[in-house]
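Below is the file target_29.cif, which contains mmCIF, C-alpha atoms and all ligand atoms.
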```
data_final
loop_
_atom_site.label_atom_id
_atom_site.label_comp_id
_atom_site.auth_asym_id
_atom_site.auth_seq_id
_atom_site.Cartn_x
_atom_site.Cartn_y
_atom_site.Cartn_z
CA MET B 1290 -79.81 -90.19 9.61
CA GLN B 1291 -77.19 -88.06 11.31
CA ILE B 1292 -73.80 -89.84 11.50
CA LEU B 1293 -71.53 -88.46 14.20
CA SER B 1294 -67.98 -89.58 15.07
CA VAL B 1295 -66.87 -88.99 18.64
CA SER B 1296 -63.11 -88.46 18.48
CA SER B 1297 -59.98 -87.23 20.19
CA LEU B 1298 -56.27 -87.77 19.73
CA LYS B 1299 -55.87 -88.59 23.39
CA GLY B 1300 -57.22 -91.59 25.27
CA GLY B 1301 -59.07 -91.27 28.54
CA VAL B 1302 -60.60 -87.84 27.86
CA GLY B 1303 -64.15 -89.18 27.68
CA LYS B 1304 -65.04 -90.21 24.11
CA THR B 1305 -66.81 -93.31 25.30
CA SER B 1306 -68.41 -91.41 28.19
CA VAL B 1307 -69.77 -88.76 25.83
CA THR B 1308 -70.99 -91.45 23.43
CA MET B 1309 -72.78 -93.15 26.35
CA GLY B 1310 -74.25 -89.91 27.67
CA LEU B 1311 -75.58 -88.93 24.25
CA ALA B 1312 -76.97 -92.43 23.70
CA SER B 1313 -78.74 -92.23 27.06
CA SER B 1314 -80.16 -88.83 26.18
CA ALA B 1315 -81.25 -90.09 22.75
CA LEU B 1316 -83.04 -93.03 24.36
CA ASN B 1317 -84.71 -90.69 26.81
CA SER B 1318 -85.72 -88.31 24.03
CA GLY B 1319 -87.11 -90.96 21.68
CA VAL B 1320 -84.32 -90.67 19.10
CA SER B 1321 -83.64 -94.05 17.50
CA THR B 1322 -79.90 -94.58 17.67
CA LEU B 1323 -77.17 -96.94 16.52
CA VAL B 1324 -73.86 -96.91 18.38
CA ILE B 1325 -70.89 -98.26 16.41
CA ASP B 1326 -68.06 -99.31 18.66
CA LEU B 1327 -64.93 -98.87 16.53
CA ASP B 1328 -62.50 -98.83 19.45
CA PRO B 1329 -60.74 -102.22 19.75
CA HIS B 1330 -61.08 -101.86 23.55
CA ALA B 1331 -64.86 -102.17 23.08
CA ASP B 1332 -65.72 -100.06 26.14
CA ALA B 1333 -68.90 -98.69 24.54
CA THR B 1334 -70.12 -102.25 23.94
CA THR B 1335 -69.67 -103.06 27.63
CA GLY B 1336 -71.14 -99.72 28.73
CA LEU B 1337 -74.26 -100.29 26.64
CA SER B 1338 -74.78 -103.61 28.38
CA VAL B 1339 -74.02 -105.79 25.40
CA SER B 1340 -71.77 -108.79 25.80
CA ARG B 1341 -68.80 -109.01 23.49
CA GLY B 1342 -69.39 -111.75 20.99
CA ALA B 1343 -73.15 -111.05 20.97
CA GLY B 1344 -73.14 -110.03 17.31
CA ARG B 1345 -70.69 -110.04 14.45
CA GLU B 1346 -67.93 -107.66 15.49
CA ALA B 1347 -67.14 -104.33 13.89
CA GLY B 1348 -63.74 -105.61 12.68
CA GLN B 1349 -65.29 -108.60 10.93
CA LEU B 1350 -68.01 -106.43 9.37
CA LEU B 1351 -65.39 -103.98 8.09
CA LYS B 1352 -63.58 -106.92 6.53
CA GLU B 1353 -66.76 -108.07 4.79
CA ALA B 1354 -67.96 -104.53 4.04
CA ARG B 1355 -68.97 -105.20 0.47
CA LYS B 1356 -71.12 -108.26 1.14
CA ALA B 1357 -72.22 -107.90 4.79
CA SER B 1358 -75.51 -106.31 5.78
CA LEU B 1359 -74.84 -104.24 8.87
CA SER B 1360 -78.50 -104.26 9.95
CA ASP B 1361 -78.40 -108.06 10.31
CA HIS B 1362 -75.66 -107.85 12.91
CA VAL B 1363 -76.66 -105.02 15.23
CA VAL B 1364 -77.41 -105.99 18.83
CA ARG B 1365 -80.08 -104.42 21.02
CA SER B 1366 -78.66 -102.51 23.99
CA GLY B 1367 -79.34 -104.07 27.41
CA TRP B 1368 -80.28 -100.55 28.61
CA LEU B 1369 -83.74 -101.12 27.17
CA ASP B 1370 -84.37 -103.83 29.77
CA LEU B 1371 -83.92 -101.23 32.51
CA LEU B 1372 -86.83 -99.14 31.26
CA GLU B 1373 -90.35 -99.45 32.63
CA ASP B 1374 -91.82 -99.83 29.18
CA PRO B 1375 -89.15 -101.03 26.73
CA GLY B 1376 -91.83 -101.67 24.12
CA SER B 1377 -92.54 -97.98 23.65
CA ALA B 1378 -88.90 -96.90 23.73
CA ALA B 1379 -86.86 -95.73 20.75
CA ARG B 1380 -84.42 -98.19 19.20
CA LEU B 1381 -80.96 -98.37 20.69
CA ASP B 1382 -78.69 -100.83 18.89
CA VAL B 1383 -74.99 -101.51 18.97
CA VAL B 1384 -72.40 -102.69 16.48
CA VAL B 1385 -70.19 -104.69 18.82
CA GLY B 1386 -66.54 -103.73 19.19
CA SER B 1387 -63.60 -106.08 19.51
CA ALA B 1388 -59.84 -106.30 19.17
CA LEU B 1389 -60.40 -107.53 15.63
CA SER B 1390 -60.98 -104.00 14.33
CA ALA B 1391 -57.36 -103.16 15.26
CA THR B 1392 -56.22 -104.73 11.97
CA PHE B 1393 -57.60 -101.61 10.25
CA ASP B 1394 -55.95 -99.16 12.63
CA ARG B 1395 -52.90 -98.51 10.46
CA PRO B 1396 -51.53 -95.03 9.77
CA ASP B 1397 -51.09 -95.94 6.08
CA ILE B 1398 -54.65 -97.13 5.48
CA ARG B 1399 -55.59 -97.22 1.79
CA PRO B 1400 -58.35 -94.87 0.58
CA ARG B 1401 -60.50 -97.80 -0.52
CA ASP B 1402 -60.28 -99.34 2.97
CA MET B 1403 -61.29 -95.98 4.40
CA LYS B 1404 -64.69 -96.33 2.73
CA ARG B 1405 -65.61 -99.58 4.44
CA LEU B 1406 -67.90 -98.17 7.14
CA LYS B 1407 -69.45 -95.77 4.67
CA THR B 1408 -70.30 -98.74 2.44
CA LEU B 1409 -71.76 -100.67 5.40
CA LEU B 1410 -73.92 -97.71 6.46
CA GLN B 1411 -75.32 -97.22 2.98
CA GLY B 1412 -77.59 -100.21 3.51
CA VAL B 1413 -78.81 -99.07 6.94
CA SER B 1414 -82.08 -97.31 7.70
CA GLY B 1415 -84.40 -96.87 10.66
CA TYR B 1416 -82.09 -94.76 12.82
CA GLU B 1417 -82.12 -91.03 13.32
CA LEU B 1418 -78.69 -90.90 14.91
CA VAL B 1419 -75.54 -92.98 14.46
CA LEU B 1420 -72.77 -92.45 17.03
CA VAL B 1421 -69.32 -93.82 16.21
CA ASP B 1422 -67.07 -94.25 19.24
CA CYS B 1423 -63.52 -93.89 17.89
CA PRO B 1424 -60.16 -95.09 19.22
CA PRO B 1425 -57.73 -92.47 20.57
CA SER B 1426 -55.65 -91.84 17.44
CA LEU B 1427 -55.97 -90.43 13.97
CA SER B 1428 -55.02 -93.75 12.45
CA GLY B 1429 -57.02 -96.03 10.16
CA LEU B 1430 -60.12 -96.62 12.28
CA THR B 1431 -60.75 -92.94 12.95
CA ARG B 1432 -60.34 -92.24 9.24
CA ILE B 1433 -62.81 -95.03 8.50
CA ALA B 1434 -65.24 -93.37 10.93
CA TRP B 1435 -64.73 -89.87 9.52
CA ALA B 1436 -65.15 -91.01 5.91
CA ALA B 1437 -68.61 -92.32 6.87
CA SER B 1438 -69.67 -89.37 9.06
CA HIS B 1439 -71.41 -86.06 8.58
CA GLN B 1440 -69.86 -84.56 11.68
CA VAL B 1441 -67.03 -85.04 14.16
CA LEU B 1442 -67.60 -84.24 17.79
CA LEU B 1443 -64.30 -83.66 19.59
CA VAL B 1444 -63.87 -84.38 23.26
CA ALA B 1445 -61.22 -82.57 25.30
CA GLU B 1446 -60.23 -82.13 28.89
CA PRO B 1447 -59.35 -78.67 30.19
CA SER B 1448 -55.61 -79.46 30.28
CA LEU B 1449 -52.61 -78.21 28.32
CA PHE B 1450 -51.96 -81.38 26.32
CA SER B 1451 -55.61 -81.91 25.56
CA VAL B 1452 -55.94 -78.35 24.21
CA ALA B 1453 -52.87 -78.86 21.99
CA GLY B 1454 -54.17 -82.28 20.84
CA THR B 1455 -57.59 -80.81 20.00
CA GLU B 1456 -56.02 -78.13 17.84
CA ARG B 1457 -54.06 -80.80 15.94
CA THR B 1458 -57.22 -82.86 15.53
CA MET B 1459 -59.16 -79.84 14.21
CA ARG B 1460 -56.48 -79.30 11.58
CA ALA B 1461 -56.58 -83.01 10.72
CA ILE B 1462 -60.37 -82.90 10.23
CA LYS B 1463 -60.01 -79.96 7.85
CA MET B 1464 -57.33 -81.72 5.82
CA PHE B 1465 -59.25 -84.97 5.79
CA SER B 1466 -62.48 -83.36 4.64
CA ASN B 1467 -60.65 -81.47 1.87
CA GLU B 1468 -59.03 -84.64 0.62
CA PHE B 1469 -61.48 -87.47 1.25
CA ALA B 1470 -64.77 -86.41 2.83
CA PRO B 1471 -66.36 -83.17 1.57
CA GLN B 1472 -69.52 -83.89 3.62
CA LEU B 1473 -67.58 -83.84 6.91
CA THR B 1474 -67.85 -80.89 9.29
CA GLN B 1475 -66.91 -80.23 12.90
CA ALA B 1476 -69.84 -80.43 15.27
CA GLY B 1477 -67.82 -78.80 18.03
CA VAL B 1478 -65.67 -79.50 21.05
CA VAL B 1479 -67.18 -80.94 24.22
CA VAL B 1480 -65.15 -80.25 27.34
CA ASN B 1481 -65.25 -83.11 29.83
CA ARG B 1482 -64.10 -83.60 33.42
CA ALA B 1483 -64.03 -79.90 34.28
CA ARG B 1484 -63.66 -79.09 37.97
CA ALA B 1485 -65.17 -75.89 39.26
CA ASP B 1486 -62.56 -75.70 42.06
CA SER B 1487 -59.54 -75.90 39.76
CA ALA B 1488 -57.80 -72.66 38.77
CA GLU B 1489 -55.94 -74.54 36.04
CA HIS B 1490 -59.23 -75.78 34.57
CA GLU B 1491 -60.67 -72.28 34.68
CA TYR B 1492 -57.62 -70.95 32.83
CA ARG B 1493 -57.79 -73.72 30.20
CA LEU B 1494 -61.53 -73.16 29.70
CA LEU B 1495 -60.93 -69.48 28.98
CA GLU B 1496 -58.19 -70.49 26.57
CA MET B 1497 -60.54 -72.94 24.84
CA GLU B 1498 -63.24 -70.27 24.55
CA ARG B 1499 -60.74 -67.99 22.86
CA LEU B 1500 -59.38 -70.71 20.55
CA TYR B 1501 -62.55 -72.52 19.55
CA GLN B 1502 -65.10 -69.68 19.83
CA ASP B 1503 -68.47 -70.92 18.59
CA LYS B 1504 -67.11 -74.47 18.25
CA LEU B 1505 -66.85 -74.79 22.02
CA MET B 1506 -70.02 -76.58 23.05
CA LEU B 1507 -71.88 -75.71 26.21
CA PRO B 1508 -72.56 -76.86 28.82
CA VAL B 1509 -69.16 -78.11 29.87
CA LEU B 1510 -69.34 -81.58 31.43
CA GLU B 1511 -68.10 -81.69 34.98
CA GLU B 1512 -66.03 -84.32 36.74
CA ASN B 1513 -68.67 -86.46 38.40
CA PRO B 1514 -67.85 -88.78 41.32
CA HIS B 1515 -70.63 -91.19 40.29
CA TRP B 1516 -69.67 -91.50 36.66
CA GLN B 1517 -67.37 -94.53 36.91
CA GLN B 1518 -69.95 -96.37 39.00
CA ILE B 1519 -72.66 -95.67 36.42
CA GLN B 1520 -70.43 -96.93 33.62
CA GLY B 1521 -69.33 -99.93 35.66
CA ALA B 1522 -72.97 -100.86 36.18
CA ALA B 1523 -73.60 -100.44 32.41
CA TYR B 1524 -76.42 -98.01 33.16
CA PRO B 1525 -77.83 -95.10 31.16
CA VAL B 1526 -77.18 -91.89 33.11
CA HIS B 1527 -80.82 -90.85 32.70
CA GLN B 1528 -81.95 -93.87 34.75
CA TRP B 1529 -79.48 -93.39 37.62
CA PRO B 1530 -80.98 -91.92 40.80
CA GLY B 1531 -79.69 -88.78 42.52
CA ASP B 1532 -79.57 -85.05 41.87
CA GLN B 1533 -75.86 -84.83 41.12
CA VAL B 1534 -76.30 -87.25 38.27
CA ARG B 1535 -79.51 -85.64 37.05
CA ASP B 1536 -77.53 -82.47 36.23
CA MET B 1537 -75.15 -84.55 34.14
CA ALA B 1538 -78.08 -86.14 32.28
CA LYS B 1539 -79.47 -82.65 31.61
CA SER B 1540 -76.11 -81.53 30.25
CA PHE B 1541 -76.20 -84.38 27.74
CA ASP B 1542 -79.75 -83.37 26.76
CA GLU B 1543 -78.50 -79.85 26.06
CA LEU B 1544 -75.65 -81.20 23.94
CA LEU B 1545 -77.90 -83.62 22.04
CA LYS B 1546 -80.26 -80.76 21.17
CA GLN B 1547 -77.38 -79.04 19.40
CA LEU B 1548 -76.44 -82.16 17.46
CA VAL B 1549 -79.69 -83.50 16.01
CA PRO B 1550 -82.55 -81.76 14.20
CA ALA B 1551 -85.26 -80.59 16.64
CA LYS B 1552 -87.91 -82.72 14.95
CA THR B 1553 -86.13 -85.95 15.96
CA LEU B 1554 -86.54 -85.15 19.68
CA LYS B 1555 -89.89 -86.69 20.61
CA LYS B 1556 -89.76 -85.98 24.32
N1 LIG B 1601 -67.14 -86.48 33.65
C1 LIG B 1601 -66.50 -87.52 34.21
N2 LIG B 1601 -66.45 -87.62 35.57
C2 LIG B 1601 -65.78 -88.64 36.15
N3 LIG B 1601 -65.15 -89.62 35.48
C3 LIG B 1601 -65.16 -89.57 34.14
C4 LIG B 1601 -65.84 -88.53 33.44
N4 LIG B 1601 -65.68 -88.76 32.11
C5 LIG B 1601 -64.95 -89.87 31.99
N5 LIG B 1601 -64.63 -90.38 33.20
C6 LIG B 1601 -63.84 -91.61 33.46
O1 LIG B 1601 -62.58 -91.46 32.83
C7 LIG B 1601 -62.17 -92.69 32.25
C8 LIG B 1601 -61.92 -92.47 30.76
O2 LIG B 1601 -63.12 -92.11 30.12
P1 LIG B 1601 -63.55 -92.73 28.73
O3 LIG B 1601 -64.89 -92.22 28.39
O4 LIG B 1601 -63.35 -94.21 28.72
O5 LIG B 1601 -62.46 -92.05 27.77
P2 LIG B 1601 -62.01 -92.41 26.29
O6 LIG B 1601 -63.12 -93.15 25.63
O7 LIG B 1601 -61.73 -91.08 25.65
O8 LIG B 1601 -60.76 -93.22 26.41
C9 LIG B 1601 -63.27 -93.69 32.52
O9 LIG B 1601 -62.91 -94.44 33.64
C10 LIG B 1601 -64.48 -92.83 32.82
O10 LIG B 1601 -65.39 -93.45 33.71
MG MG B 1602 -63.12 -95.03 24.73
#
```
Rendering of file as structure tokens:
Amino acid sequence: MQILSVSSLKGGVGKTSVTMGLASSALNSGVSTLVIDLDPHADATTGLSVSRGAGREAGQLLKEARKASLSDHVVRSGWLDLLEDPGSAARLDVVVGSALSATFDRPDIRPRDMKRLKTLLQGVSGYELVLVDCPPSLSGLTRIAWAASHQVLLVAEPSLFSVAGTERTMRAIKMFSNEFAPQLTQAGVVVNRARADSAEHEYRLLEMERLYQDKLMLPVLEENPHWQQIQGAAYPVHQWPGDQVRDMAKSFDELLKQLVPAKTLKK
């Protein structure tokens, strides 16, 4: 079971979008997946077509970490109902997000509180991939996610502040893994919302290549005019019609291939 946190210091760069895209690719590739929505805004929950309040929320489960069984409270993603043959599809479940988890999002979180998700995941089996959609800060919830994860996937936009924020986050991951989570490594940096016609983006991409070297993951995800509509409709990108979107789905397939062992990809 590969546990992957999707993180960034900044909001709005595409953490939830990347989580959704990878979940859609996993579903399409037969990889059984659990998405944990740790962001109090609960956008991943909505995007995966699960209604808030459908299962016990992440915040409540974190509170009850020592006695709760996470597997009893996961909710099946509504994406499965959009497939022709949901019965033969891989599992796609969600731990529902809610504002309740914000109580753990303190900068001074205690080390024993940091282990709460790790404790919850110890009793979980039956998934090949766990994606944790993090809030946009390095506060308590992100630390809770990192302490439970094998890898952190960073999301960045090709802009000055995003590049600076990603460098800070990379340093924070190193410090965190030295101090609290020796198992934690950086999966890489995914660049999102790149525009081929932007000279500034081109410049920032070159800068990112130089700074991150082999940690820069390819392909870069482009700004896509259909993306908000797809998310608004709570649809998996692999099921959305149209060529422009198909390229985006393929990009997520390429990224997923680099994140999970080849044997987990059934299709
Ligand atoms: N590649 C993209 N093309 C177009 N819009 C995008 C793309 N990625 C993200 N967005 C939009 O940008 C907004 C922020 O993305 P989101 O994934 O919610 O970021 P985060 O989770 O980091 O806050 C959303 O409205 C989303 O639909
Ligand atoms: Mg988000």
Which residues sit within 7 Å of ligand LIG 1601 (chain B), counting all atoms listed in the file, listed as a ChimeraX atom specification? /B:1297,1299-1307,1332,1425,1481-1482,1510-1517,1520
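For the pair CA of Leu1337 in chain B and CA of Val1295 in chain B, the interatomic distance is 15.7 Å.
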Given all atoms listed in the file as the basis, pick out the residue of B:Asp1402, B:Asp1394, B:Val1339, B:Ala1312 nearest to Lys1352 in chain B. B:Asp1402
Calculated over all atoms listed in the file, which of the candidates B:Ala1331, B:Val1479, B:Val1413, B:Leu1505 has the smallest distance to ligand MG 1602 (chain B)? B:Ala1331
Given only C-alpha atoms as the basis, pick out the residue of B:Ala1461, B:Ala1488, B:Met1497, B:Ala1379 nearest to Ser1314 in chain B. B:Ala1379
Do you have the CA of Pro1396 in chain B-CA of Pro1424 in chain B distance handy? 12.8 Å
Quick one: residues within 12 Å of Glu1353 in chain B, all atoms listed in the file counted, chain neighbours fewer than 2 positions away excluded, as a ChimeraX atom specification? /B:1345-1351,1355-1359,1390,1402,1405-1406,1408-1409
Selection to disk with C-alpha atoms, as a short mmCIF file (atom, residue, chain, number, x, y, z; two decimals), in the frame of the given file:
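Saved result, result.cif, follows:
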```cif
data_model
loop_
_atom_site.label_atom_id
_atom_site.label_comp_id
_atom_site.auth_asym_id
_atom_site.auth_seq_id
_atom_site.Cartn_x
_atom_site.Cartn_y
_atom_site.Cartn_z
CA ARG B 1345 -70.69 -110.04 14.45
CA GLU B 1346 -67.93 -107.66 15.49
CA ALA B 1347 -67.14 -104.33 13.89
CA GLY B 1348 -63.74 -105.61 12.68
CA GLN B 1349 -65.29 -108.60 10.93
CA LEU B 1350 -68.01 -106.43 9.37
CA LEU B 1351 -65.39 -103.98 8.09
CA ARG B 1355 -68.97 -105.20 0.47
CA LYS B 1356 -71.12 -108.26 1.14
CA ALA B 1357 -72.22 -107.90 4.79
CA SER B 1358 -75.51 -106.31 5.78
CA LEU B 1359 -74.84 -104.24 8.87
CA SER B 1390 -60.98 -104.00 14.33
CA ASP B 1402 -60.28 -99.34 2.97
CA ARG B 1405 -65.61 -99.58 4.44
CA LEU B 1406 -67.90 -98.17 7.14
CA THR B 1408 -70.30 -98.74 2.44
CA LEU B 1409 -71.76 -100.67 5.40
#
```
Spatial neighbours of range 1538-1540 of chain B, max dist 8 Å, all atoms listed in the file, sep filter under 3 positions, as a ChimeraX atom specification: /B:1310,1314,1508-1510,1526-1527,1534-1535,1543-1544
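Relative to CA of Ser1321 in chain B, CA of Ser1360 in chain B is found at 13.7 Å.
If you measure from each of B:Thr1392, B:Ser1338, B:Ser1366, B:Thr1308 to ligand MG 1602 (chain B) using all atoms listed in the file, the closest one turns out to be B:Thr1308.
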Applying 6 Å and all atoms listed in the file, which residues near Ile1292 in chain B remain after dropping the ones on its own chain fewer than 6 positions away? List them as JSON, numbers by chain. {"B": [1419, 1438, 1439]}
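Of the residues listed (B:Pro1329, B:Gly1319, B:Gly1415, B:Gly1344), B:Pro1329 shows the shortest atom-to-atom separation from ligand MG 1602 (chain B); distances use only C-alpha atoms and all ligand atoms.
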